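One structure below.
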Amino acid sequence: MSIVVAIVGASGSGKSHLVASLTPEILGATVAVVRVDDYYRDLAHLSFEDRDAINFDHPEAIEFERLVDDLASLRSGEEVQTPVYDFTQHTRSGLSQSVPPADIILLEGVLAMSDSATCKLVDYTIFVDTPLELCLARRIDRDAAQRGRSEASVRDFWETRAEPMFAQFVAPWLSEADLVIDGSQTIADELSRVGDWLQALIQDHQSL
């Protein structure tokens, strides 16, 4: 049985960078990554204007039903096909990606712990704690480069959706997390600590 570790924090906190850095070479174990953002509901039946009005920072925007099924399958040693989301159009791309089972499953996403059924499949939680002003600055840079959005639109999304939803659904997990890291530092400053912590979990799990 795999270990499932949720990595949560605000949008722009550094979660994705941390996950990308946690390689099998660092952990000494196989790693699978499941990104909550890939499970945004397919909104192809709506006009782009209607899609753009959706609150993507609310748990209802995520198809947790499929995420729970895929996560349970991975935990039991089965390969899954996860969706691929097109953030520029607010729709599923029609593609899928194969995720094989692994010793450790990293569940990455702002809303990873906002669904009770998903929480039951998570063994440990890492919270990436980053000042919200820095998160916003990073999100402005990312959305301009990757999603073609203006700074004004990103700030509007942040103020009306991202920040209040973070306060409601994500921030409470800061005090519940098994490990809290500082997302304002360079990844190298925290990577060894996270790696050592995960290696200890794997060793404890394998000795059971």
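Identifiers for the structure tokens are assigned positionally: chains receive A, B, ... in sequence, residues are indexed from 1 per chain, and ligands are indexed from 1 in the order shown.
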Could you pull the residues within 12 Å of segment 18-20 of chain A, counting only C-alpha atoms, minus those fewer than 4 positions along the same chain, as a ChimeraX atom specification? /A:5-9,12-14,24,26-27,31-35,104-109,126-128,181-195
One decimal place gives the atom CA of Ala102 of chain A-atom CA of Trp173 of chain A separation as 25.4 Å
Among segment 20-192 of chain A, which residues carry a DSSP assignment of strand (DSSP E or B), reported as an MDAnalysis selection string? chainID A and resid 31:35 40 62 80:86 91:99 104:108 124:129 179:182
Which residues are near Asp86 of chain A? Cut-off 12 Å, only C-alpha atoms, ignore same chain within fewer than 3 positions. Put them as a PyMOL selection string. chain A and resi 37-44+83+89-96+146-147
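In this structure, atom CA of Trp197 of chain A sits 19.8 Å away from atom CA of Thr130 of chain A.
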What is the atom CA of Val80 of chain A-atom CA of Lys15 of chain A distance in Å, reported with one decimal? 22.3 Å
Using only C-alpha atoms, which protein or nucleic acid residues come within 12 Å of Thr118 of chain A? Drop anything in the same chain fewer than 4 positions from it, and give the result as an MDAnalysis selection string. chainID A and resid 4:6 36 59 62:72 107 111:114 122:123
Those selected residues, please, written with N, CA, C and O atoms and delivered as a PDB file, in the first residue's frame.
```
ATOM      1  N   VAL A   4       0.112   8.238   0.938  1.00  0.00           N
ATOM      2  CA  VAL A   4      -0.409   9.415   0.252  1.00  0.00           C
ATOM      3  C   VAL A   4      -0.103  10.642   1.098  1.00  0.00           C
ATOM      4  O   VAL A   4      -0.493  10.724   2.267  1.00  0.00           O
ATOM      5  N   VAL A   5       0.602  11.590   0.500  1.00  0.00           N
ATOM      6  CA  VAL A   5       0.964  12.831   1.180  1.00  0.00           C
ATOM      7  C   VAL A   5       0.366  14.001   0.404  1.00  0.00           C
ATOM      8  O   VAL A   5       0.691  14.203  -0.765  1.00  0.00           O
ATOM      9  N   ALA A   6      -0.517  14.752   1.047  1.00  0.00           N
ATOM     10  CA  ALA A   6      -1.100  15.940   0.427  1.00  0.00           C
ATOM     11  C   ALA A   6      -0.182  17.130   0.663  1.00  0.00           C
ATOM     12  O   ALA A   6       0.314  17.332   1.780  1.00  0.00           O
ATOM     13  N   VAL A  36      -4.479  18.082  -8.161  1.00  0.00           N
ATOM     14  CA  VAL A  36      -5.905  18.348  -7.996  1.00  0.00           C
ATOM     15  C   VAL A  36      -6.433  19.221  -9.123  1.00  0.00           C
ATOM     16  O   VAL A  36      -7.560  19.032  -9.605  1.00  0.00           O
ATOM     17  N   PRO A  59     -14.288  24.368  -3.742  1.00  0.00           N
ATOM     18  CA  PRO A  59     -14.230  22.904  -3.935  1.00  0.00           C
ATOM     19  C   PRO A  59     -15.226  22.357  -4.949  1.00  0.00           C
ATOM     20  O   PRO A  59     -14.957  21.325  -5.580  1.00  0.00           O
ATOM     21  N   ILE A  62     -14.094  21.228  -8.460  1.00  0.00           N
ATOM     22  CA  ILE A  62     -13.272  20.027  -8.626  1.00  0.00           C
ATOM     23  C   ILE A  62     -14.146  18.788  -8.700  1.00  0.00           C
ATOM     24  O   ILE A  62     -15.078  18.620  -7.908  1.00  0.00           O
ATOM     25  N   GLU A  63     -13.844  17.888  -9.631  1.00  0.00           N
ATOM     26  CA  GLU A  63     -14.551  16.611  -9.722  1.00  0.00           C
ATOM     27  C   GLU A  63     -13.899  15.627  -8.735  1.00  0.00           C
ATOM     28  O   GLU A  63     -13.151  14.728  -9.115  1.00  0.00           O
ATOM     29  N   PHE A  64     -14.218  15.810  -7.466  1.00  0.00           N
ATOM     30  CA  PHE A  64     -13.608  14.974  -6.432  1.00  0.00           C
ATOM     31  C   PHE A  64     -14.043  13.518  -6.557  1.00  0.00           C
ATOM     32  O   PHE A  64     -13.318  12.619  -6.098  1.00  0.00           O
ATOM     33  N   GLU A  65     -15.191  13.269  -7.162  1.00  0.00           N
ATOM     34  CA  GLU A  65     -15.636  11.887  -7.313  1.00  0.00           C
ATOM     35  C   GLU A  65     -14.607  11.069  -8.096  1.00  0.00           C
ATOM     36  O   GLU A  65     -14.247   9.950  -7.702  1.00  0.00           O
ATOM     37  N   ARG A  66     -14.150  11.628  -9.205  1.00  0.00           N
ATOM     38  CA  ARG A  66     -13.142  10.923 -10.005  1.00  0.00           C
ATOM     39  C   ARG A  66     -11.798  10.907  -9.295  1.00  0.00           C
ATOM     40  O   ARG A  66     -11.075   9.898  -9.337  1.00  0.00           O
ATOM     41  N   LEU A  67     -11.449  12.004  -8.639  1.00  0.00           N
ATOM     42  CA  LEU A  67     -10.181  12.059  -7.923  1.00  0.00           C
ATOM     43  C   LEU A  67     -10.117  10.983  -6.847  1.00  0.00           C
ATOM     44  O   LEU A  67      -9.092  10.301  -6.694  1.00  0.00           O
ATOM     45  N   VAL A  68     -11.188  10.801  -6.106  1.00  0.00           N
ATOM     46  CA  VAL A  68     -11.226   9.780  -5.049  1.00  0.00           C
ATOM     47  C   VAL A  68     -11.042   8.393  -5.660  1.00  0.00           C
ATOM     48  O   VAL A  68     -10.277   7.564  -5.136  1.00  0.00           O
ATOM     49  N   ASP A  69     -11.730   8.116  -6.763  1.00  0.00           N
ATOM     50  CA  ASP A  69     -11.601   6.801  -7.409  1.00  0.00           C
ATOM     51  C   ASP A  69     -10.164   6.566  -7.863  1.00  0.00           C
ATOM     52  O   ASP A  69      -9.602   5.473  -7.654  1.00  0.00           O
ATOM     53  N   ASP A  70      -9.559   7.576  -8.495  1.00  0.00           N
ATOM     54  CA  ASP A  70      -8.188   7.415  -8.986  1.00  0.00           C
ATOM     55  C   ASP A  70      -7.198   7.255  -7.836  1.00  0.00           C
ATOM     56  O   ASP A  70      -6.279   6.423  -7.903  1.00  0.00           O
ATOM     57  N   LEU A  71      -7.387   8.029  -6.789  1.00  0.00           N
ATOM     58  CA  LEU A  71      -6.470   7.954  -5.649  1.00  0.00           C
ATOM     59  C   LEU A  71      -6.576   6.594  -4.962  1.00  0.00           C
ATOM     60  O   LEU A  71      -5.560   5.998  -4.574  1.00  0.00           O
ATOM     61  N   ALA A  72      -7.795   6.091  -4.819  1.00  0.00           N
ATOM     62  CA  ALA A  72      -7.989   4.776  -4.208  1.00  0.00           C
ATOM     63  C   ALA A  72      -7.353   3.685  -5.054  1.00  0.00           C
ATOM     64  O   ALA A  72      -6.738   2.742  -4.522  1.00  0.00           O
ATOM     65  N   LEU A 107      -0.147  14.221  -3.524  1.00  0.00           N
ATOM     66  CA  LEU A 107      -1.396  14.848  -3.950  1.00  0.00           C
ATOM     67  C   LEU A 107      -1.233  16.348  -3.783  1.00  0.00           C
ATOM     68  O   LEU A 107      -1.224  16.857  -2.665  1.00  0.00           O
ATOM     69  N   LEU A 111      -6.793  22.881  -3.047  1.00  0.00           N
ATOM     70  CA  LEU A 111      -8.012  22.316  -2.455  1.00  0.00           C
ATOM     71  C   LEU A 111      -7.891  20.828  -2.125  1.00  0.00           C
ATOM     72  O   LEU A 111      -8.905  20.149  -1.925  1.00  0.00           O
ATOM     73  N   ALA A 112      -6.677  20.329  -2.027  1.00  0.00           N
ATOM     74  CA  ALA A 112      -6.475  18.889  -1.826  1.00  0.00           C
ATOM     75  C   ALA A 112      -7.169  18.348  -0.583  1.00  0.00           C
ATOM     76  O   ALA A 112      -7.597  17.183  -0.552  1.00  0.00           O
ATOM     77  N   MET A 113      -7.299  19.171   0.458  1.00  0.00           N
ATOM     78  CA  MET A 113      -7.879  18.692   1.707  1.00  0.00           C
ATOM     79  C   MET A 113      -9.260  19.300   1.972  1.00  0.00           C
ATOM     80  O   MET A 113      -9.735  19.315   3.107  1.00  0.00           O
ATOM     81  N   SER A 114      -9.927  19.763   0.934  1.00  0.00           N
ATOM     82  CA  SER A 114     -11.226  20.413   1.117  1.00  0.00           C
ATOM     83  C   SER A 114     -12.403  19.466   0.918  1.00  0.00           C
ATOM     84  O   SER A 114     -13.557  19.884   1.042  1.00  0.00           O
ATOM     85  N   VAL A 122      -5.792  10.318   2.538  1.00  0.00           N
ATOM     86  CA  VAL A 122      -4.514  10.995   2.755  1.00  0.00           C
ATOM     87  C   VAL A 122      -3.921  10.571   4.094  1.00  0.00           C
ATOM     88  O   VAL A 122      -4.607  10.578   5.121  1.00  0.00           O
ATOM     89  N   ASP A 123      -2.638  10.204   4.072  1.00  0.00           N
ATOM     90  CA  ASP A 123      -1.965   9.757   5.297  1.00  0.00           C
ATOM     91  C   ASP A 123      -1.280  10.906   6.032  1.00  0.00           C
ATOM     92  O   ASP A 123      -1.293  10.940   7.261  1.00  0.00           O
TER      93      ASP A 123
END
```
Check segment 107-180 of chain A with DSSP on the backbone and list each residue it calls helix (DSSP H, G or I), as number ranges by chain. A: 116-119, 132-147, 151-174
Got time to write the residues from that selection, N, CA and C atoms, as a short mmCIF file (atom, residue, chain, number, x, y, z; two decimals), in the first residue's frame?
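As written to disk, out_17.cif reads:
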```cif
data_model
loop_
_atom_site.label_atom_id
_atom_site.label_comp_id
_atom_site.auth_asym_id
_atom_site.auth_seq_id
_atom_site.Cartn_x
_atom_site.Cartn_y
_atom_site.Cartn_z
N SER A 116 -14.04 15.74 2.13
CA SER A 116 -13.92 14.76 3.22
C SER A 116 -13.54 13.37 2.72
N ALA A 117 -14.08 12.95 1.58
CA ALA A 117 -13.76 11.62 1.06
C ALA A 117 -12.30 11.54 0.64
N THR A 118 -11.78 12.61 0.07
CA THR A 118 -10.36 12.66 -0.31
C THR A 118 -9.48 12.63 0.93
N CYS A 119 -9.87 13.39 1.95
CA CYS A 119 -9.08 13.44 3.18
C CYS A 119 -8.88 12.06 3.79
N LEU A 132 0.90 35.86 1.65
CA LEU A 132 -0.06 35.96 0.54
C LEU A 132 0.35 37.01 -0.49
N GLU A 133 1.05 38.08 -0.04
CA GLU A 133 1.49 39.09 -1.01
C GLU A 133 2.46 38.47 -2.02
N LEU A 134 3.33 37.60 -1.55
CA LEU A 134 4.28 36.93 -2.43
C LEU A 134 3.55 35.95 -3.34
N CYS A 135 2.55 35.24 -2.79
CA CYS A 135 1.76 34.32 -3.60
C CYS A 135 1.08 35.04 -4.75
N LEU A 136 0.50 36.21 -4.47
CA LEU A 136 -0.16 36.99 -5.51
C LEU A 136 0.83 37.42 -6.58
N ALA A 137 1.98 37.89 -6.19
CA ALA A 137 2.99 38.33 -7.16
C ALA A 137 3.40 37.17 -8.07
N ARG A 138 3.57 35.98 -7.48
CA ARG A 138 3.93 34.82 -8.28
C ARG A 138 2.81 34.44 -9.23
N ARG A 139 1.57 34.54 -8.74
CA ARG A 139 0.43 34.16 -9.58
C ARG A 139 0.28 35.13 -10.75
N ILE A 140 0.53 36.40 -10.52
CA ILE A 140 0.46 37.37 -11.62
C ILE A 140 1.48 37.00 -12.70
N ASP A 141 2.70 36.69 -12.29
CA ASP A 141 3.75 36.32 -13.25
C ASP A 141 3.38 35.04 -13.99
N ARG A 142 2.91 34.03 -13.25
CA ARG A 142 2.59 32.74 -13.87
C ARG A 142 1.43 32.85 -14.84
N ASP A 143 0.35 33.51 -14.43
CA ASP A 143 -0.84 33.56 -15.28
C ASP A 143 -0.61 34.41 -16.53
N ALA A 144 0.26 35.40 -16.43
CA ALA A 144 0.59 36.19 -17.61
C ALA A 144 1.38 35.34 -18.61
N ALA A 145 2.33 34.57 -18.10
CA ALA A 145 3.21 33.78 -18.97
C ALA A 145 2.54 32.53 -19.50
N GLN A 146 1.74 31.84 -18.66
CA GLN A 146 1.22 30.52 -19.03
C GLN A 146 -0.24 30.54 -19.46
N ARG A 147 -1.00 31.54 -19.02
CA ARG A 147 -2.43 31.51 -19.26
C ARG A 147 -2.96 32.75 -19.95
N GLU A 151 -2.73 41.45 -15.59
CA GLU A 151 -2.56 41.63 -14.15
C GLU A 151 -3.87 42.02 -13.48
N ALA A 152 -4.66 42.86 -14.14
CA ALA A 152 -5.93 43.29 -13.56
C ALA A 152 -6.88 42.11 -13.35
N SER A 153 -6.93 41.20 -14.32
CA SER A 153 -7.83 40.05 -14.18
C SER A 153 -7.36 39.11 -13.08
N VAL A 154 -6.03 38.94 -12.97
CA VAL A 154 -5.50 38.07 -11.93
C VAL A 154 -5.79 38.66 -10.55
N ARG A 155 -5.61 39.97 -10.40
CA ARG A 155 -5.90 40.61 -9.12
C ARG A 155 -7.38 40.48 -8.76
N ASP A 156 -8.25 40.60 -9.77
CA ASP A 156 -9.69 40.45 -9.51
C ASP A 156 -10.00 39.03 -9.05
N PHE A 157 -9.46 38.03 -9.74
CA PHE A 157 -9.65 36.64 -9.33
C PHE A 157 -9.16 36.44 -7.90
N TRP A 158 -8.00 37.01 -7.60
CA TRP A 158 -7.39 36.83 -6.29
C TRP A 158 -8.25 37.43 -5.18
N GLU A 159 -8.68 38.66 -5.38
CA GLU A 159 -9.39 39.37 -4.32
C GLU A 159 -10.81 38.86 -4.10
N THR A 160 -11.45 38.42 -5.19
CA THR A 160 -12.85 38.00 -5.07
C THR A 160 -13.03 36.51 -4.87
N ARG A 161 -11.99 35.72 -5.23
CA ARG A 161 -12.14 34.26 -5.16
C ARG A 161 -11.00 33.58 -4.41
N ALA A 162 -9.78 33.73 -4.91
CA ALA A 162 -8.67 32.95 -4.36
C ALA A 162 -8.42 33.22 -2.88
N GLU A 163 -8.30 34.49 -2.51
CA GLU A 163 -7.96 34.79 -1.12
C GLU A 163 -9.07 34.41 -0.14
N PRO A 164 -10.35 34.74 -0.40
CA PRO A 164 -11.39 34.32 0.55
C PRO A 164 -11.57 32.81 0.61
N MET A 165 -11.41 32.12 -0.52
CA MET A 165 -11.54 30.65 -0.50
C MET A 165 -10.36 30.01 0.23
N PHE A 166 -9.18 30.60 0.09
CA PHE A 166 -8.02 30.12 0.85
C PHE A 166 -8.30 30.22 2.35
N ALA A 167 -8.83 31.36 2.76
CA ALA A 167 -9.12 31.56 4.18
C ALA A 167 -10.12 30.54 4.71
N GLN A 168 -11.09 30.19 3.87
CA GLN A 168 -12.15 29.28 4.31
C GLN A 168 -11.74 27.82 4.26
N PHE A 169 -11.10 27.40 3.17
CA PHE A 169 -10.90 25.97 2.94
C PHE A 169 -9.47 25.47 3.13
N VAL A 170 -8.50 26.38 3.13
CA VAL A 170 -7.10 25.93 3.13
C VAL A 170 -6.36 26.35 4.40
N ALA A 171 -6.46 27.61 4.77
CA ALA A 171 -5.71 28.12 5.92
C ALA A 171 -5.91 27.30 7.20
N PRO A 172 -7.12 26.76 7.48
CA PRO A 172 -7.28 25.97 8.70
C PRO A 172 -6.37 24.75 8.79
N TRP A 173 -5.87 24.28 7.65
CA TRP A 173 -5.00 23.11 7.66
C TRP A 173 -3.58 23.43 8.10
N LEU A 174 -3.25 24.71 8.23
CA LEU A 174 -1.91 25.07 8.70
C LEU A 174 -1.64 24.47 10.07
#
```
Can you pull out the residues contacting His205 of chain A? Cut-off 12 Å, using only C-alpha atoms, and skip same-chain residues under 5 positions away; I want them as a PDB file with C-alpha atoms, in the first residue's frame.
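Output file part-v7.pdb is given in full below:
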```
ATOM      1  CA  MET A   1       0.000   0.000   0.000  1.00  0.00           C
ATOM      2  CA  SER A   2       1.297   3.425  -0.967  1.00  0.00           C
ATOM      3  CA  ILE A   3       1.685   6.424   1.336  1.00  0.00           C
ATOM      4  CA  VAL A   4      -0.409   9.415   0.252  1.00  0.00           C
ATOM      5  CA  ALA A  29      11.575   5.475  -3.510  1.00  0.00           C
ATOM      6  CA  ASP A 103       5.745   3.982  -2.942  1.00  0.00           C
ATOM      7  CA  ILE A 104       4.646   7.539  -2.273  1.00  0.00           C
ATOM      8  CA  ASP A 123      -1.965   9.757   5.297  1.00  0.00           C
ATOM      9  CA  LEU A 198       9.484  11.620   3.716  1.00  0.00           C
ATOM     10  CA  GLN A 199      12.307   9.072   3.752  1.00  0.00           C
ATOM     11  CA  ALA A 200      11.601   8.424   7.438  1.00  0.00           C
TER      12      ALA A 200
END
```
